[in-house]
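Colleague: Following this line is coords.txt, made up of compact mmCIF, C-alpha atoms:
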```
# COMPACT_ATOMS: atom_id res chain seq x y z
CA MET A 1 -8.84 50.56 -34.19
CA ASP A 2 -6.10 51.78 -36.55
CA LEU A 3 -6.64 53.33 -39.98
CA ARG A 4 -6.06 50.08 -41.86
CA GLU A 5 -8.77 48.31 -39.84
CA GLU A 6 -11.11 51.31 -40.20
CA LEU A 7 -10.70 51.24 -43.98
CA GLN A 8 -11.49 47.53 -44.05
CA GLN A 9 -14.68 48.26 -42.16
CA ILE A 10 -15.88 51.22 -44.20
CA GLY A 11 -14.93 49.38 -47.39
CA ASN A 12 -17.24 46.48 -46.56
CA ASN A 13 -20.05 46.52 -49.12
CA ASP A 14 -22.21 44.37 -46.85
CA GLN A 15 -22.47 47.17 -44.29
CA PRO A 16 -24.15 50.59 -44.68
CA LEU A 17 -21.62 53.39 -44.96
CA ALA A 18 -21.41 55.19 -41.62
CA LYS A 19 -20.46 58.85 -42.02
CA GLN A 20 -18.94 59.08 -38.56
CA HIS A 21 -16.32 56.52 -39.54
CA LEU A 22 -15.22 58.67 -42.47
CA LYS A 23 -14.31 61.65 -40.29
CA MET A 24 -11.09 59.90 -39.29
CA LEU A 25 -9.87 60.50 -42.84
CA SER A 26 -9.72 64.25 -42.15
CA ASN A 27 -6.21 65.70 -42.00
CA ILE A 28 -4.44 62.36 -42.37
CA ASP A 29 -0.67 62.64 -42.03
CA GLY A 30 2.19 61.14 -44.03
CA GLY A 31 2.14 57.75 -42.32
CA ASN A 32 -1.61 57.39 -42.59
CA SER A 33 -1.43 58.59 -46.20
CA ARG A 34 0.70 55.57 -47.01
CA VAL A 35 -1.73 53.29 -45.20
CA PHE A 36 -4.62 54.81 -47.14
CA ALA A 37 -2.78 54.45 -50.48
CA GLU A 38 -2.08 50.77 -49.73
CA SER A 39 -5.57 49.90 -48.48
CA TRP A 40 -7.78 51.97 -50.80
CA PRO A 41 -7.33 49.82 -53.96
CA HIS A 42 -8.67 46.76 -52.07
CA ILE A 43 -12.06 48.44 -51.59
CA PRO A 44 -14.58 47.60 -54.37
CA GLY A 45 -14.98 50.31 -57.02
CA GLU A 46 -18.64 51.11 -56.33
CA ARG A 47 -17.86 51.50 -52.65
CA ARG A 48 -14.92 53.80 -53.40
CA ILE A 49 -17.26 56.00 -55.44
CA GLU A 50 -19.77 56.09 -52.58
CA ILE A 51 -17.07 56.92 -50.04
CA THR A 52 -15.61 59.73 -52.16
CA GLU A 53 -19.03 61.27 -52.78
CA THR A 54 -19.77 61.17 -49.05
CA LEU A 55 -16.44 62.79 -48.19
CA VAL A 56 -17.28 65.70 -50.51
CA GLU A 57 -20.67 66.10 -48.80
CA LEU A 58 -19.10 66.00 -45.34
CA ALA A 59 -16.51 68.62 -46.28
CA GLU A 60 -19.22 70.92 -47.65
CA ASP A 61 -21.28 70.58 -44.47
CA ASN A 62 -18.39 70.98 -41.99
CA ILE A 63 -15.54 73.40 -42.66
CA ASP A 64 -13.47 71.75 -39.93
CA LEU A 65 -13.15 68.56 -41.97
CA ASN A 66 -10.25 68.49 -44.42
CA PHE A 67 -10.03 65.57 -46.84
CA ARG A 68 -7.65 67.21 -49.31
CA GLN A 69 -4.95 64.59 -48.87
CA VAL A 70 -7.45 61.80 -49.50
CA PHE A 71 -8.78 63.54 -52.60
CA LEU A 72 -5.25 63.98 -53.94
CA LEU A 73 -4.57 60.27 -53.48
CA CYS A 74 -7.87 59.50 -55.21
CA LEU A 75 -6.66 61.26 -58.35
CA ASP A 76 -4.76 58.04 -59.07
CA ASP A 77 -7.82 55.83 -58.64
CA PRO A 78 -8.54 53.48 -61.57
CA GLU A 79 -12.22 54.53 -61.50
CA ALA A 80 -12.80 57.69 -63.55
CA ALA A 81 -15.82 58.53 -61.38
CA VAL A 82 -13.64 58.56 -58.26
CA ARG A 83 -11.08 60.81 -59.93
CA THR A 84 -13.81 63.20 -61.07
CA ILE A 85 -15.43 63.38 -57.63
CA ALA A 86 -12.03 63.90 -56.00
CA LEU A 87 -11.39 66.84 -58.31
CA ASN A 88 -14.67 68.38 -57.19
CA GLY A 89 -13.54 67.87 -53.59
CA LEU A 90 -10.36 69.82 -54.29
CA TRP A 91 -12.26 72.81 -55.67
CA GLU A 92 -11.13 75.19 -52.91
CA ASP A 93 -7.57 73.85 -52.66
CA ASP A 94 -5.36 76.81 -53.61
CA ARG A 95 -2.01 75.08 -53.16
CA LEU A 96 0.38 75.31 -56.10
CA THR A 97 1.27 71.63 -55.72
CA THR A 98 -2.37 70.74 -56.26
CA LEU A 99 -2.59 73.02 -59.29
CA ARG A 100 0.44 71.36 -60.88
CA ARG A 101 -1.07 67.93 -60.25
CA ILE A 102 -4.33 68.91 -61.90
CA LEU A 103 -2.53 70.31 -64.93
CA ASP A 104 -1.30 66.76 -65.51
CA LEU A 105 -4.88 65.49 -65.58
CA LEU A 106 -5.50 67.18 -68.94
CA ASN A 107 -3.96 63.99 -70.31
CA ASP A 108 -6.29 61.73 -68.32
CA PRO A 109 -7.91 58.97 -70.43
CA SER A 110 -11.38 60.00 -69.18
CA GLY A 111 -13.15 62.95 -70.78
CA SER A 112 -15.15 63.59 -67.60
CA VAL A 113 -11.94 63.87 -65.59
CA ARG A 114 -10.43 66.26 -68.13
CA GLU A 115 -13.59 68.37 -68.02
CA ALA A 116 -13.41 68.58 -64.22
CA ALA A 117 -9.72 69.47 -64.47
CA VAL A 118 -10.45 72.27 -66.95
CA LEU A 119 -13.14 73.66 -64.64
CA PHE A 120 -10.56 73.73 -61.84
CA LEU A 121 -8.12 75.52 -64.15
CA GLY A 122 -10.80 78.08 -64.97
CA ARG A 123 -10.86 79.04 -61.31
CA ALA A 124 -7.06 79.18 -61.38
CA ALA A 125 -7.30 81.55 -64.37
CA TYR A 126 -9.41 83.88 -62.24
CA ARG A 127 -6.76 83.77 -59.53
CA ALA A 128 -4.12 84.51 -62.15
CA GLU A 129 -6.10 87.53 -63.37
CA MET A 130 -6.26 88.75 -59.76
CA GLY A 131 -2.48 88.46 -59.47
CA GLU A 132 -2.67 85.56 -57.00
CA LEU A 133 -0.54 83.07 -58.99
CA PRO A 134 3.21 83.14 -59.65
CA GLU A 135 4.29 83.84 -63.22
CA GLU A 136 5.23 80.24 -64.01
CA GLU A 137 1.87 78.81 -62.91
CA THR A 138 0.00 81.65 -64.60
CA ARG A 139 1.72 80.87 -67.88
CA ALA A 140 1.02 77.14 -67.49
CA VAL A 141 -2.69 77.69 -66.77
CA CYS A 142 -3.14 80.13 -69.66
CA THR A 143 -1.36 77.86 -72.12
CA ALA A 144 -3.31 74.78 -71.01
CA LEU A 145 -6.69 76.49 -71.32
CA LEU A 146 -5.93 78.17 -74.64
CA ASN A 147 -4.73 74.90 -76.13
CA ALA A 148 -7.72 72.96 -74.80
CA THR A 149 -10.24 75.29 -76.47
CA SER A 150 -9.27 74.11 -79.94
CA ASP A 151 -7.77 70.66 -79.35
CA PRO A 152 -9.62 68.34 -81.77
CA GLU A 153 -8.76 65.38 -79.54
CA GLN A 154 -10.80 66.82 -76.69
CA PRO A 155 -14.57 66.27 -76.43
CA ILE A 156 -16.74 69.35 -76.77
CA ASP A 157 -17.42 69.50 -73.02
CA VAL A 158 -13.70 69.91 -72.35
CA ARG A 159 -13.28 72.52 -75.09
CA ARG A 160 -16.31 74.55 -74.01
CA ARG A 161 -15.24 74.58 -70.36
CA ALA A 162 -11.82 75.77 -71.49
CA VAL A 163 -13.54 78.61 -73.37
CA GLU A 164 -15.35 79.57 -70.18
CA GLY A 165 -12.03 79.53 -68.33
CA ILE A 166 -10.25 81.84 -70.76
CA GLY A 167 -12.99 84.37 -70.21
CA TYR A 168 -11.00 85.49 -67.18
CA LEU A 169 -7.91 86.15 -69.33
CA SER A 170 -9.17 89.55 -70.41
CA ALA A 171 -5.70 90.93 -71.10
CA LEU A 172 -4.87 88.25 -73.67
CA PRO A 173 -5.95 89.12 -77.24
CA GLU A 174 -5.67 85.43 -78.17
CA ALA A 175 -8.29 84.59 -75.56
CA GLN A 176 -10.72 87.13 -77.02
CA VAL A 177 -10.18 85.71 -80.51
CA LYS A 178 -10.98 82.22 -79.26
CA ILE A 179 -14.12 83.46 -77.51
CA GLY A 180 -15.27 84.96 -80.80
CA ARG A 181 -14.63 81.69 -82.63
CA ALA A 182 -16.56 79.79 -79.98
CA TYR A 183 -19.50 82.16 -80.41
CA ALA A 184 -19.51 81.40 -84.15
CA HIS A 185 -19.44 77.62 -83.54
CA THR A 186 -22.13 75.40 -85.01
CA GLU A 187 -22.81 73.75 -81.64
CA GLN A 188 -25.06 75.76 -79.31
CA LEU A 189 -23.28 74.38 -76.24
CA MET A 190 -20.10 76.06 -77.45
CA ARG A 191 -21.94 79.32 -78.11
CA GLU A 192 -23.40 79.19 -74.60
CA SER A 193 -19.90 78.86 -73.16
CA ALA A 194 -18.76 81.77 -75.32
CA VAL A 195 -21.42 83.95 -73.67
CA VAL A 196 -20.21 82.81 -70.25
CA ALA A 197 -16.69 83.85 -71.26
CA MET A 198 -17.94 87.21 -72.56
CA GLY A 199 -19.38 88.06 -69.16
CA ARG A 200 -16.22 87.02 -67.36
CA SER A 201 -13.97 88.99 -69.70
CA MET A 202 -15.60 92.34 -68.81
CA GLN A 203 -14.82 93.53 -72.33
CA ARG A 204 -17.33 96.09 -73.56
CA ALA A 205 -16.86 94.83 -77.10
CA TRP A 206 -18.93 91.77 -76.11
CA PHE A 207 -21.87 93.74 -74.66
CA PRO A 208 -23.90 93.78 -77.93
CA TYR A 209 -23.59 89.99 -78.21
CA ILE A 210 -24.69 89.44 -74.62
CA GLU A 211 -27.61 91.80 -75.18
CA ARG A 212 -28.60 89.89 -78.32
CA GLU A 213 -28.73 86.61 -76.41
CA LEU A 214 -30.95 88.10 -73.71
CA HIS A 215 -33.63 87.92 -76.43
CA SER A 216 -32.69 84.46 -77.70
CA ILE A 217 -35.40 81.89 -78.36
CA SER A 218 -33.23 79.40 -76.46
CA PRO A 219 -33.85 79.35 -72.67
CA ALA A 220 -30.31 78.04 -72.13
CA MET A 221 -28.86 80.98 -74.03
CA ARG A 222 -31.05 83.50 -72.21
CA TYR A 223 -29.90 81.95 -68.94
CA GLU A 224 -26.21 82.30 -69.80
CA ALA A 225 -26.73 85.84 -71.07
CA ALA A 226 -28.46 86.83 -67.82
CA ARG A 227 -25.63 85.29 -65.81
CA ALA A 228 -23.13 87.13 -68.01
CA VAL A 229 -24.81 90.45 -67.18
CA GLY A 230 -24.45 89.62 -63.50
CA GLU A 231 -20.78 88.79 -63.96
CA LEU A 232 -20.28 92.32 -65.26
CA GLY A 233 -21.33 93.81 -61.94
CA GLU A 234 -22.07 97.54 -62.11
CA GLU A 235 -20.98 97.56 -65.75
CA GLY A 236 -23.99 95.35 -66.43
CA ARG A 237 -26.35 98.26 -65.83
CA ASP A 238 -25.84 99.19 -69.48
CA LEU A 239 -27.67 95.94 -70.32
CA GLN A 240 -30.37 96.27 -67.68
CA GLU A 241 -33.12 97.18 -70.14
CA GLY A 242 -32.72 93.86 -71.93
CA LEU A 243 -32.34 91.95 -68.66
CA LEU A 244 -35.47 93.18 -66.87
CA PRO A 245 -38.07 91.23 -68.91
CA LEU A 246 -36.29 88.00 -68.00
CA VAL A 247 -37.26 88.27 -64.33
CA ASP A 248 -40.72 87.18 -65.50
CA ASP A 249 -39.43 84.63 -68.00
CA ASP A 250 -41.54 81.48 -68.41
CA ASP A 251 -38.44 79.43 -67.68
CA SER A 252 -37.84 79.44 -63.92
CA GLU A 253 -34.07 79.03 -64.21
CA VAL A 254 -33.86 81.99 -66.58
CA SER A 255 -35.91 84.19 -64.26
CA GLN A 256 -33.78 83.22 -61.27
CA ALA A 257 -30.60 84.01 -63.21
CA ALA A 258 -31.99 87.43 -64.14
CA ILE A 259 -32.97 88.12 -60.53
CA TRP A 260 -29.50 87.11 -59.35
CA ALA A 261 -27.97 89.40 -61.98
CA LEU A 262 -29.97 92.37 -60.69
CA GLY A 263 -28.48 91.78 -57.27
CA GLN A 264 -25.01 91.86 -58.80
CA ILE A 265 -25.40 95.01 -60.91
CA GLY A 266 -27.17 96.93 -58.14
CA GLY A 267 -28.58 100.44 -58.34
CA GLN A 268 -31.90 101.92 -57.23
CA HIS A 269 -33.86 100.61 -60.22
CA ALA A 270 -32.64 97.07 -59.59
CA ARG A 271 -33.51 97.41 -55.90
CA ARG A 272 -37.08 98.49 -56.68
CA VAL A 273 -37.59 95.57 -59.05
CA LEU A 274 -36.20 93.12 -56.50
CA GLN A 275 -38.38 94.53 -53.74
CA ARG A 276 -41.42 94.00 -55.96
CA LEU A 277 -40.39 90.45 -56.74
CA ALA A 278 -39.73 89.71 -53.07
CA ARG A 279 -43.46 90.26 -52.47
CA SER A 280 -44.42 87.88 -55.28
CA GLN A 281 -46.76 84.97 -54.67
CA ASP A 282 -44.28 82.86 -56.63
CA GLU A 283 -42.18 81.41 -53.79
CA VAL A 284 -39.20 80.61 -56.01
CA ARG A 285 -38.98 84.11 -57.48
CA SER A 286 -39.68 85.68 -54.11
CA GLN A 287 -36.85 83.78 -52.42
CA ALA A 288 -34.47 84.52 -55.29
CA ALA A 289 -35.29 88.22 -54.99
CA GLN A 290 -34.76 88.20 -51.21
CA ASP A 291 -31.39 86.54 -51.69
CA ALA A 292 -30.45 89.10 -54.35
CA LEU A 293 -31.49 91.96 -52.09
CA GLU A 294 -29.27 90.59 -49.32
CA GLU A 295 -26.37 90.43 -51.76
CA LEU A 296 -27.07 93.96 -52.93
CA THR A 297 -27.25 95.27 -49.35
CA PHE A 298 -24.06 93.45 -48.38
CA ASP A 299 -22.18 95.08 -51.27
CA GLU A 300 -23.35 98.51 -50.17
CA LEU A 301 -22.01 98.12 -46.63
```
Any chance you could give the structure as C-alpha cells?
Modeller:
Amino acid sequence: MDLREELQQIGNNDQPLAKQHLKMLSNIDGGNSRVFAESWPHIPGERRIEITETLVELAEDNIDLNFRQVFLLCLDDPEAAVRTIALNGLWEDDRLTTLRRILDLLNDPSGSVREAAVLFLGRAAYRAEMGELPEEETRAVCTALLNATSDPEQPIDVRRRAVEGIGYLSALPEAQVKIGRAYAHTEQLMRESAVVAMGRSMQRAWFPYIERELHSISPAMRYEAARAVGELGEEGRDLQEGLLPLVDDDDSEVSQAAIWALGQIGGQHARRVLQRLARSQDEVRSQAAQDALEELTFDEL
C-alpha cells in the first residue's frame, strides 16, 4: 500500500486511528512529502487534529521516529489547532530553516499559534545566548521577541510568553527594561512571566524581586518565584532562606517547584533538606525530592 492509500485509510473517521499506521510518516522524503501535502487537506479537520496529536505522542515515546517534515507541512493547515500542535512537535528542531519558518508565524491569524511560535522563539533566544545561532538569526529572534512584548495587537498570552523569552537576553539592556515594565503590569499573568524572565536573566538586580514573590499570597507567583530560584542555579543559594519554607507549602505545585529548585542550586544544606523530604510520607513530595537528589548528584559527577 502506497502513502496515498495509507493516508486515505488513516484519514477515515469511521475507523479507529491505528498508531502503527502512522509510523510510516516518519522520515518521509521529497516525493512522499508532495503526496502528503496533496492528500492531507482531504482528511476531515477533527481527524487531522487527532492524527497530529498522536504523532507528537509517538515522537515523544520513540526517539527513532522523526515526523519533522510532516509537522512543517502541517504549519500550513487551515485548522489553528493542527498548526499549534505541529509547532509543539517541532520543539526540538534546531534547523535554521525551521526557525525562519516559525518567525513567519508571528503573523498567524490565530493567537494560540502565535503563542506557540513565541514559546519556540524563547528557546531560540536561549540558543542565541549560548552562541549557537548565527548573527542574522540571533538578531531576528531578539527583534521579534522584543517587539512582541509590547505589541498592542497581540493577546496577553503572546506578550507574556515573549517576556519570558527575552529573559534569556541578559546582555540586552532593552530586555531588562521590558522585564521591569512587565513586573509593573496590572495583570498578574504578566507579572508572573516577568518573574520567569528574572530567573532566566541571571541578573542579580532582580534577586530582591524574586525573593519578594517567594512570600507572595498568590500560589502562582510563589511557584514562578521558586522556579526562578532554580533557574539561577548555584547563584540561587543567596535566596535559599526564602525558598526553604515553600517545600512545605500547602499548594502541592509550589512545594514541588521549591523542591526542584533545591536540586538545581545544590549545596550541602539543600542536600540535607532533600534527604529529609525523600523520607516523607507524602508520596508526591518524596518522589520530587528523590528526583531532585538525582539531579543534584548528576551535577556533582
Colleague: Just want the 9 Å neighbourhood of stretch 43-52 of chain A, counted on only C-alpha atoms, with same-chain residues fewer than 6 positions away dropped. Output as a PDB file with C-alpha atoms, keeping the file's coordinate frame.
Modeller:
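That gives us out04.pdb:
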```pdb
ATOM      1  CA  LEU A   7     -10.700  51.240 -43.980  1.00  0.00           C
ATOM      2  CA  GLN A   8     -11.490  47.530 -44.050  1.00  0.00           C
ATOM      3  CA  ILE A  10     -15.880  51.220 -44.200  1.00  0.00           C
ATOM      4  CA  GLY A  11     -14.930  49.380 -47.390  1.00  0.00           C
ATOM      5  CA  ASN A  12     -17.240  46.480 -46.560  1.00  0.00           C
ATOM      6  CA  ASN A  13     -20.050  46.520 -49.120  1.00  0.00           C
ATOM      7  CA  LEU A  17     -21.620  53.390 -44.960  1.00  0.00           C
ATOM      8  CA  LYS A  19     -20.460  58.850 -42.020  1.00  0.00           C
ATOM      9  CA  LEU A  22     -15.220  58.670 -42.470  1.00  0.00           C
ATOM     10  CA  VAL A  70      -7.450  61.800 -49.500  1.00  0.00           C
ATOM     11  CA  PHE A  71      -8.780  63.540 -52.600  1.00  0.00           C
ATOM     12  CA  CYS A  74      -7.870  59.500 -55.210  1.00  0.00           C
ATOM     13  CA  PRO A  78      -8.540  53.480 -61.570  1.00  0.00           C
ATOM     14  CA  GLU A  79     -12.220  54.530 -61.500  1.00  0.00           C
ATOM     15  CA  ALA A  81     -15.820  58.530 -61.380  1.00  0.00           C
ATOM     16  CA  VAL A  82     -13.640  58.560 -58.260  1.00  0.00           C
ATOM     17  CA  ILE A  85     -15.430  63.380 -57.630  1.00  0.00           C
ATOM     18  CA  ALA A  86     -12.030  63.900 -56.000  1.00  0.00           C
ATOM     19  CA  GLY A  89     -13.540  67.870 -53.590  1.00  0.00           C
TER      20      GLY A  89
END
```
Colleague: Would you mind listing what lies within 12 Å of stretch 169-175 of chain A as number ranges by chain, with only C-alpha atoms counted and same-chain residues fewer than 3 positions away left out?
Modeller: A: 121-131, 138-139, 141-150, 162-166, 178-182, 194, 197-206
Colleague: For a test of reading the model, state the distance in Å between atom CA of A:Asp282 and atom CA of A:Ala270, rounded to one decimal.
Modeller: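 Computing the Euclidean distance for atom CA of A:Asp282 and atom CA of A:Ala270 yields 18.6 Å.
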Colleague: Around stretch 82-90 of chain A, with edges along x, y and z and 4 Å added on all six sides, what centre and edge lengths do you get, in Å to one decimal, as JSON?
Modeller:
```
{"center_x": -12.9, "center_y": 64.2, "center_z": -57.3, "size_x": 13.1, "size_y": 19.3, "size_z": 15.5}
```
Colleague: Which polymer residues have any atom within 12 Å of an atom of A:Gly230, counting all atoms listed in the file, with same-chain residues fewer than 2 positions away left out, as a ChimeraX atom specification?
Modeller: /A:196,198-200,202,210,223-228,232-240,243,256-266,270,292,295-296
Colleague: A:Leu75, A:Glu92, A:Asn32, A:Pro16: which is nearest A:Glu60, counting all atoms listed in the file?
Modeller: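 Once distances to A:Glu60 are computed over all atoms listed in the file, the minimum belongs to A:Glu92.
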Colleague: Pick out the residues sitting within 8 Å of A:Leu65, and hand them over as a PyMOL selection string; count only C-alpha atoms, and ignore anything fewer than 2 positions along from it in its own chain.
Modeller: chain A and resi 23+26-27+58-59+62-63+67
Colleague: Quick one: residues within 7 Å of A:Ala289, all atoms listed in the file counted, chain neighbours fewer than 5 positions away excluded, as a compact mmCIF listing (two decimals) with C-alpha atoms, keeping the file's coordinate frame?
Modeller:
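Once written, out-v4.txt looks like this:
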```txt
# COMPACT_ATOMS: atom_id res chain seq x y z
CA ILE A 259 -32.97 88.12 -60.53
CA LEU A 274 -36.20 93.12 -56.50
CA LEU A 277 -40.39 90.45 -56.74
CA ALA A 278 -39.73 89.71 -53.07
```
Colleague: Rounded to one decimal, what separation in Å do you get between atom CA of A:Arg83 and atom CA of A:Val56?
Modeller: 12.3 Å
Colleague: How far is it from atom CA of A:Ile102 to atom CA of A:Phe120, in Å with one decimal?
Modeller: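 A separation of 7.9 Å between them.
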Colleague: Measuring between all atoms listed in the file, which one of A:Glu231, A:Glu192, A:Glu132, A:Asp291 shows the shortest distance to A:Glu213?
Modeller: A:Glu192
Colleague: Of the candidates A:Leu214, A:Val118, A:Leu105, A:Leu55, which one gets nearest to A:Pro245 if we count all atoms listed in the file?
Modeller: A:Leu214
